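First comes the structure, then the notes that go with it.
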Amino acid sequence: MVSGRWRAVVGALTIFAAVGCGRDAGTSGGEGAKPVGEGAATGEITVWAMGTEGEKLGGLAQDFEAANPGAKVNITAIPWDAAHDKISTAIAGRQTPDVSLVGTTYMAEFAKSGALDPTPSVIDGKQFYTGAWDTTVVNGTSYGVPWYVETRLLYYRTDLADKAGVQPPGNWADLTDFAKGMKDKSGAKWGLNLQAGGKGTWQTFMPFAWQAGASITDDAKKFTLDSPEMVKALQYYKSFFDAQVTPSSLLRPGELEQGFVDGSFGAFFSGPWHIGLIKEQGGAALDGKWSVARMPKEANRTSFVGGGDLAVFKDAKNRDTAWKFVQYLSKPEVQVKWYGMVGDLPSVKNAWQDTKLSGDPLLKTFGEQLDDAKSPPAIATWEQVATVIDTHLEQVVKGVATPADAAKAMQSEATSIGTGL
């Protein structure tokens, strides 16, 4: 699957990919950034967007045109599975759109090619969540803005937790007790679901690594996958499989959601898309019997941040209006409206003050978690490195490799691949 908006599919713990690192020094208005003209937007721009965003963006484009009568926004909807190749081909032929939604794991690759326009100083990076802004930063320079975000929380059955006499976990030890209690005392077959392998397993695992104080690279973009903290996180992740509180086999489509509804699964980690899936499948019978909680704390309680970025291309035919459209989409009130249209969570912090989000206790918890959320480093080879992590993490889960050996192998293979920067 591609990065950016990874839609939930019924039956799978669908995953969002993203790129970034702990707060990079990158800011808007960096090297090569040009100013944006004052006044209303004029002329035509072409915008590429993927998935539901591509289907629905026309509604906001009409609002932008009404506020800028001399401007015209042409939207092209593109399937996510074709997005990377289509953008790459457009860059090679210098036939890019003015603006595009870009999967966050693609940002470093496209920035390295020289195709992206540095974010102008008229856009204040501080208005966005730190982890989300970092997804736009490559080698200290921002090349876009985060359009929408997601993060991961613990979904759990409150009725089963009450029966088991356990509370939402505050730390790692609590999570261990929580998962065991949910299995042994609540009647759930599995106390907690963790991804046992396959593509994207790193997204379930990396929050634990960050919570332990581990990192993927250091400030010099040198890989640090064999650190003691990484080994500690691998051992902790493995412990849930060793204790048989989480299934060691991959789930079938629909198995997780149905299991959560019927009480077979006591808890799992996922993003905001599962709110709708649970409400749809659980119906009124499940009302008041489930909730979400923030990540448990070890050294910290960091979660994963994903989402989608907006980038303007250096070959844009109407750069000025392109950035003005990006500015428009970054307004708090516009982000709130966009949430109402498609369910995308705002990347701009002030948008979360709106009662549509702050008044919903589930969404409010997601907003709180976004204050402590990370994404992988902005490197051009991330997809290859992610596969390395997935492979060795699955070997740890299956008992084929020890956490220490897996960490060494990840470090060696990632170093051989390099960052591509």
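Every chain in the structure tokens has a letter given in the order shown (A, B, ...), and although residue numbers restart at 1 in each chain, ligands are simply numbered from 1 in the order shown.
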For region 220-236 of chain A, work out the shell of residues within 9 Å, counting only C-alpha atoms and skipping chain neighbours fewer than 5 positions away, then give it as a PyMOL selection string.
chain A and resi 172+205-206+208-215+377+379+393+396-397+402-412+414-415+418-419
Within 12 Å of region 133-140 of chain A: each region 242-353 of chain A residue with its shortest pair, only C-alpha atoms, as CSV:
```
residue,atom,partner,partner_atom,distance
A:Phe304,CA,A:Thr135,CA,11.7
A:Val305,CA,A:Thr135,CA,9.1
A:Gly306,CA,A:Thr135,CA,8.5
A:Gly307,CA,A:Thr135,CA,9.0
A:Gly308,CA,A:Thr135,CA,8.9
A:Asp309,CA,A:Thr136,CA,7.1
A:Leu310,CA,A:Thr136,CA,8.8
A:Ala311,CA,A:Thr136,CA,8.7
A:Val312,CA,A:Thr136,CA,11.7
A:Ser347,CA,A:Trp133,CA,8.4
A:Val348,CA,A:Trp133,CA,9.6
A:Lys349,CA,A:Trp133,CA,11.2
```
With DSSP run on the backbone, what are the strand (DSSP E) residues within region 105-201 of chain A? I'd like them as a short mmCIF file (atom, residue, chain, number, x, y, z; two decimals) with N, CA and C atoms, in the first residue's frame.
```cif
data_model
loop_
_atom_site.label_atom_id
_atom_site.label_comp_id
_atom_site.auth_asym_id
_atom_site.auth_seq_id
_atom_site.Cartn_x
_atom_site.Cartn_y
_atom_site.Cartn_z
N VAL A 137 9.80 17.85 6.26
CA VAL A 137 11.16 18.37 6.38
C VAL A 137 12.19 17.35 5.89
N VAL A 138 13.00 17.77 4.92
CA VAL A 138 14.06 16.92 4.39
C VAL A 138 15.36 17.72 4.44
N THR A 141 14.97 21.45 5.44
CA THR A 141 14.10 22.35 4.69
C THR A 141 12.73 21.71 4.52
N SER A 142 11.68 22.50 4.74
CA SER A 142 10.32 22.01 4.53
C SER A 142 9.94 22.12 3.06
N VAL A 145 3.23 21.17 3.31
CA VAL A 145 2.54 21.30 4.59
C VAL A 145 1.77 20.01 4.86
N PRO A 146 1.62 19.64 6.13
CA PRO A 146 0.76 18.50 6.45
C PRO A 146 -0.70 18.92 6.27
N TRP A 147 -1.45 18.14 5.52
CA TRP A 147 -2.85 18.48 5.23
C TRP A 147 -3.78 17.90 6.29
N TYR A 148 -3.60 16.62 6.57
CA TYR A 148 -4.42 15.96 7.59
C TYR A 148 -3.54 14.96 8.32
N VAL A 149 -4.00 14.54 9.48
CA VAL A 149 -3.17 13.68 10.33
C VAL A 149 -3.98 12.54 10.91
N GLU A 150 -3.27 11.57 11.44
CA GLU A 150 -3.85 10.52 12.27
C GLU A 150 -2.78 10.07 13.24
N THR A 151 -3.21 9.43 14.32
CA THR A 151 -2.28 8.81 15.25
C THR A 151 -2.94 7.57 15.81
N LEU A 153 -4.11 4.99 19.04
CA LEU A 153 -4.50 4.88 20.45
C LEU A 153 -4.83 3.43 20.76
N LEU A 154 -5.07 3.16 22.04
CA LEU A 154 -5.53 1.86 22.47
C LEU A 154 -7.05 1.85 22.48
N TYR A 155 -7.64 1.01 21.66
CA TYR A 155 -9.09 0.75 21.69
C TYR A 155 -9.32 -0.39 22.67
N TYR A 156 -10.28 -0.26 23.55
CA TYR A 156 -10.51 -1.34 24.51
C TYR A 156 -11.98 -1.43 24.90
N ARG A 157 -12.38 -2.62 25.26
CA ARG A 157 -13.75 -2.87 25.73
C ARG A 157 -13.82 -2.49 27.21
#
```
Find the spatial neighbours of Glu38 (chain A), counting only C-alpha atoms, within a cut-off of 12 Å - ignore same-chain residues fewer than 5 positions away - and output them as a ChimeraX atom specification.
/A:122,320-321,323-324
Keeping C-alpha atoms, export the residues of the selection given above as a PDB file, in the first residue's frame.
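Output saved as selection.pdb:
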```
ATOM      1  CA  VAL A 122       4.244  32.960   4.650  1.00  0.00           C
ATOM      2  CA  ASP A 320       1.638  31.821  -6.486  1.00  0.00           C
ATOM      3  CA  THR A 321      -1.949  30.583  -6.611  1.00  0.00           C
ATOM      4  CA  TRP A 323       0.638  28.172  -2.463  1.00  0.00           C
ATOM      5  CA  LYS A 324      -2.391  30.371  -1.785  1.00  0.00           C
TER       6      LYS A 324
END
```
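The residue that comes closest to Glu280 (chain A), out of A:Val261, A:Ala179, A:Ala401, A:Ala293 and on the basis of only C-alpha atoms, is A:Val261.
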Select from region 334-410 of chain A every residue with an atom at most 10 Å from any atom of region 90-113 of chain A, then for each give the shortest pair of atoms and their distance in Å to one decimal, using only C-alpha atoms, rows by chain and rising number, as CSV.
```
residue,atom,partner,partner_atom,distance
A:Ser375,CA,A:Thr104,CA,9.4
A:Pro376,CA,A:Thr105,CA,8.6
A:Pro377,CA,A:Ala108,CA,9.1
A:Ala378,CA,A:Ala108,CA,5.4
A:Ile379,CA,A:Ala108,CA,5.3
A:Ala380,CA,A:Glu109,CA,4.3
A:Thr381,CA,A:Glu109,CA,7.5
A:Trp382,CA,A:Thr105,CA,6.8
A:Glu383,CA,A:Thr105,CA,7.3
```
Those residues with N, CA and C atoms, as a tab-separated table (two decimals), in the first residue's frame please?
```
chain	number	residue	atom	x	y	z
A	375	SER	N	7.05	10.17	13.50
A	375	SER	CA	7.06	9.39	12.28
A	375	SER	C	8.51	9.07	11.95
A	376	PRO	N	8.75	8.14	11.03
A	376	PRO	CA	10.12	7.75	10.71
A	376	PRO	C	10.91	8.89	10.07
A	377	PRO	N	12.22	8.74	9.96
A	377	PRO	CA	13.06	9.80	9.40
A	377	PRO	C	12.78	10.03	7.92
A	378	ALA	N	12.93	11.28	7.50
A	378	ALA	CA	12.69	11.65	6.10
A	378	ALA	C	13.89	11.23	5.26
A	379	ILE	N	13.88	9.95	4.86
A	379	ILE	CA	14.95	9.44	4.01
A	379	ILE	C	14.33	8.86	2.75
A	380	ALA	N	15.07	8.93	1.66
A	380	ALA	CA	14.52	8.53	0.36
A	380	ALA	C	14.33	7.02	0.24
A	381	THR	N	14.99	6.25	1.09
A	381	THR	CA	14.95	4.80	1.01
A	381	THR	C	14.03	4.18	2.07
A	382	TRP	N	13.15	4.99	2.65
A	382	TRP	CA	12.39	4.49	3.79
A	382	TRP	C	11.60	3.22	3.48
A	383	GLU	N	10.99	3.09	2.32
A	383	GLU	CA	10.19	1.91	2.03
A	383	GLU	C	11.03	0.64	2.12
```
As JSON, numbers by chain, please: every residue in region 193-411 of chain A that DSSP puts in helix (DSSP H, G or I).
{"A": [201, 202, 203, 204, 205, 206, 207, 208, 209, 210, 211, 228, 229, 230, 231, 232, 233, 234, 235, 236, 237, 238, 239, 240, 241, 242, 255, 256, 257, 258, 259, 260, 261, 262, 273, 274, 275, 276, 277, 278, 279, 280, 281, 282, 283, 284, 285, 286, 319, 320, 321, 322, 323, 324, 325, 326, 327, 328, 329, 332, 333, 334, 335, 336, 337, 338, 339, 340, 341, 342, 349, 350, 351, 352, 353, 355, 356, 357, 358, 361, 362, 363, 364, 365, 366, 367, 368, 369, 370, 371, 372, 382, 383, 384, 385, 386, 387, 388, 389, 390, 391, 392, 393, 394, 395, 396, 397, 403, 404, 405, 406, 407, 408, 409, 410, 411]}
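The list of residues with at least one atom within 12 Å of Val73 (chain A), based on only C-alpha atoms and without residues fewer than 4 positions apart in the same chain, reads A:Ala41, A:Thr42, A:Gly43, A:Glu44, A:Ile45, A:Thr46, A:Val47, A:Trp48, A:Leu57, A:Gly58, A:Gly59, A:Leu60, A:Ala61, A:Gln62, A:Asp63, A:Phe64, A:Glu65, A:Ala66, A:Asn68, A:Pro69, A:Pro97, A:Asp98, A:Val99, A:Asn318, A:Thr321, A:Ala322, A:Lys324, A:Phe325, A:Val326.
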Convert the current residue selection to file output with N, CA and C atoms, as a short mmCIF file (atom, residue, chain, number, x, y, z; two decimals), in the first residue's frame.
```
data_model
loop_
_atom_site.label_atom_id
_atom_site.label_comp_id
_atom_site.auth_asym_id
_atom_site.auth_seq_id
_atom_site.Cartn_x
_atom_site.Cartn_y
_atom_site.Cartn_z
N ALA A 41 -5.83 35.32 -5.19
CA ALA A 41 -5.27 34.36 -6.13
C ALA A 41 -5.90 34.58 -7.51
N THR A 42 -5.13 34.36 -8.55
CA THR A 42 -5.63 34.51 -9.91
C THR A 42 -5.10 33.36 -10.78
N GLY A 43 -5.81 33.11 -11.88
CA GLY A 43 -5.36 32.11 -12.84
C GLY A 43 -5.73 30.69 -12.43
N GLU A 44 -5.41 29.75 -13.28
CA GLU A 44 -5.75 28.35 -13.06
C GLU A 44 -4.60 27.58 -12.39
N ILE A 45 -4.98 26.58 -11.59
CA ILE A 45 -4.02 25.62 -11.07
C ILE A 45 -4.60 24.22 -11.23
N THR A 46 -3.71 23.26 -11.34
CA THR A 46 -4.10 21.86 -11.40
C THR A 46 -3.66 21.19 -10.11
N VAL A 47 -4.57 20.45 -9.50
CA VAL A 47 -4.31 19.79 -8.23
C VAL A 47 -4.60 18.30 -8.36
N TRP A 48 -3.63 17.48 -7.95
CA TRP A 48 -3.83 16.03 -7.91
C TRP A 48 -4.08 15.62 -6.47
N LEU A 57 -12.45 16.93 -2.81
CA LEU A 57 -11.76 18.21 -2.72
C LEU A 57 -12.44 19.31 -3.52
N GLY A 58 -13.19 18.94 -4.53
CA GLY A 58 -13.88 19.94 -5.35
C GLY A 58 -14.76 20.88 -4.54
N GLY A 59 -15.31 20.39 -3.43
CA GLY A 59 -16.17 21.23 -2.60
C GLY A 59 -15.40 22.38 -1.99
N LEU A 60 -14.19 22.13 -1.50
CA LEU A 60 -13.37 23.21 -0.95
C LEU A 60 -12.81 24.09 -2.05
N ALA A 61 -12.54 23.49 -3.21
CA ALA A 61 -12.04 24.28 -4.34
C ALA A 61 -13.06 25.33 -4.75
N GLN A 62 -14.33 24.99 -4.70
CA GLN A 62 -15.38 25.96 -5.04
C GLN A 62 -15.40 27.11 -4.04
N ASP A 63 -15.20 26.81 -2.77
CA ASP A 63 -15.15 27.87 -1.76
C ASP A 63 -13.95 28.79 -2.01
N PHE A 64 -12.82 28.20 -2.36
CA PHE A 64 -11.62 28.99 -2.66
C PHE A 64 -11.86 29.90 -3.86
N GLU A 65 -12.51 29.37 -4.89
CA GLU A 65 -12.81 30.17 -6.08
C GLU A 65 -13.77 31.30 -5.77
N ALA A 66 -14.72 31.05 -4.87
CA ALA A 66 -15.67 32.11 -4.49
C ALA A 66 -14.95 33.24 -3.77
N ASN A 68 -11.81 33.93 -4.29
CA ASN A 68 -10.82 34.44 -5.25
C ASN A 68 -11.43 34.32 -6.65
N PRO A 69 -12.29 35.26 -7.04
CA PRO A 69 -13.04 35.14 -8.29
C PRO A 69 -12.18 35.00 -9.54
N PRO A 97 1.65 18.60 -11.90
CA PRO A 97 0.57 19.54 -11.57
C PRO A 97 1.17 20.71 -10.79
N ASP A 98 0.35 21.66 -10.43
CA ASP A 98 0.83 22.75 -9.58
C ASP A 98 0.96 22.28 -8.13
N VAL A 99 -0.04 21.52 -7.68
CA VAL A 99 -0.11 21.04 -6.30
C VAL A 99 -0.49 19.56 -6.33
N ASN A 318 1.59 27.91 -12.08
CA ASN A 318 1.03 29.03 -11.33
C ASN A 318 1.37 28.85 -9.86
N THR A 321 -0.61 31.04 -6.97
CA THR A 321 -1.95 30.58 -6.61
C THR A 321 -1.91 29.19 -5.99
N ALA A 322 -0.94 28.38 -6.40
CA ALA A 322 -0.79 27.05 -5.80
C ALA A 322 -0.56 27.17 -4.31
N LYS A 324 -1.22 29.74 -2.42
CA LYS A 324 -2.39 30.37 -1.79
C LYS A 324 -3.50 29.35 -1.54
N PHE A 325 -3.62 28.37 -2.44
CA PHE A 325 -4.60 27.32 -2.22
C PHE A 325 -4.18 26.44 -1.05
N VAL A 326 -2.89 26.15 -0.94
CA VAL A 326 -2.38 25.37 0.19
C VAL A 326 -2.61 26.14 1.49
#
```
What is the CA of Leu363 (chain A)-CA of Tyr237 (chain A) distance in Å, reported with one decimal?
26.6 Å
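Considering only C-alpha atoms, the residue among A:Pro296, A:Pro332, A:Gly254, A:Gly283 positioned nearest to Gly170 (chain A) is A:Pro296.
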Might you pull out every residue within 8 Å of Ile78 (chain A), with only C-alpha atoms counted and same-chain residues fewer than 2 positions away left off, and present them as a PDB file with N, CA and C atoms, in the first residue's frame?
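Just written: out_23.pdb:
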```
ATOM      1  N   TRP A  48      -3.628  17.476  -7.952  1.00  0.00           N
ATOM      2  CA  TRP A  48      -3.826  16.030  -7.907  1.00  0.00           C
ATOM      3  C   TRP A  48      -4.083  15.615  -6.468  1.00  0.00           C
ATOM      4  N   ALA A  49      -5.086  14.781  -6.273  1.00  0.00           N
ATOM      5  CA  ALA A  49      -5.370  14.251  -4.942  1.00  0.00           C
ATOM      6  C   ALA A  49      -5.839  12.810  -5.081  1.00  0.00           C
ATOM      7  N   MET A  50      -5.591  12.021  -4.052  1.00  0.00           N
ATOM      8  CA  MET A  50      -5.836  10.591  -4.127  1.00  0.00           C
ATOM      9  C   MET A  50      -6.996  10.165  -3.240  1.00  0.00           C
ATOM     10  N   GLY A  51      -7.592   9.033  -3.606  1.00  0.00           N
ATOM     11  CA  GLY A  51      -8.630   8.452  -2.781  1.00  0.00           C
ATOM     12  C   GLY A  51      -9.826   9.358  -2.590  1.00  0.00           C
ATOM     13  N   GLY A  54      -9.372  13.080  -3.277  1.00  0.00           N
ATOM     14  CA  GLY A  54      -9.516  13.489  -4.666  1.00  0.00           C
ATOM     15  C   GLY A  54     -10.964  13.602  -5.091  1.00  0.00           C
ATOM     16  N   THR A  76      -7.797  16.681 -10.179  1.00  0.00           N
ATOM     17  CA  THR A  76      -7.678  15.369 -10.807  1.00  0.00           C
ATOM     18  C   THR A  76      -7.571  14.324  -9.708  1.00  0.00           C
ATOM     19  N   TRP A  80      -4.664   5.772  -5.111  1.00  0.00           N
ATOM     20  CA  TRP A  80      -3.425   5.750  -4.340  1.00  0.00           C
ATOM     21  C   TRP A  80      -2.414   4.766  -4.909  1.00  0.00           C
ATOM     22  N   ALA A  82      -1.680   4.138  -7.810  1.00  0.00           N
ATOM     23  CA  ALA A  82      -1.008   4.648  -9.005  1.00  0.00           C
ATOM     24  C   ALA A  82      -0.258   5.946  -8.745  1.00  0.00           C
ATOM     25  N   ALA A  83      -0.392   6.481  -7.532  1.00  0.00           N
ATOM     26  CA  ALA A  83       0.090   7.832  -7.245  1.00  0.00           C
ATOM     27  C   ALA A  83       1.596   7.983  -7.381  1.00  0.00           C
TER      28      ALA A  83
END
```
Pick from A:Pro361, A:Gly70, A:Tyr328, A:Lys374 nearest to Ile216 (chain A), counting only C-alpha atoms:
A:Lys374
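When only C-alpha atoms are used to compute distances to Ala161 (chain A), the closest of the residues A:Lys364, A:Lys398, A:Lys289, A:Lys279 turns out to be A:Lys289.
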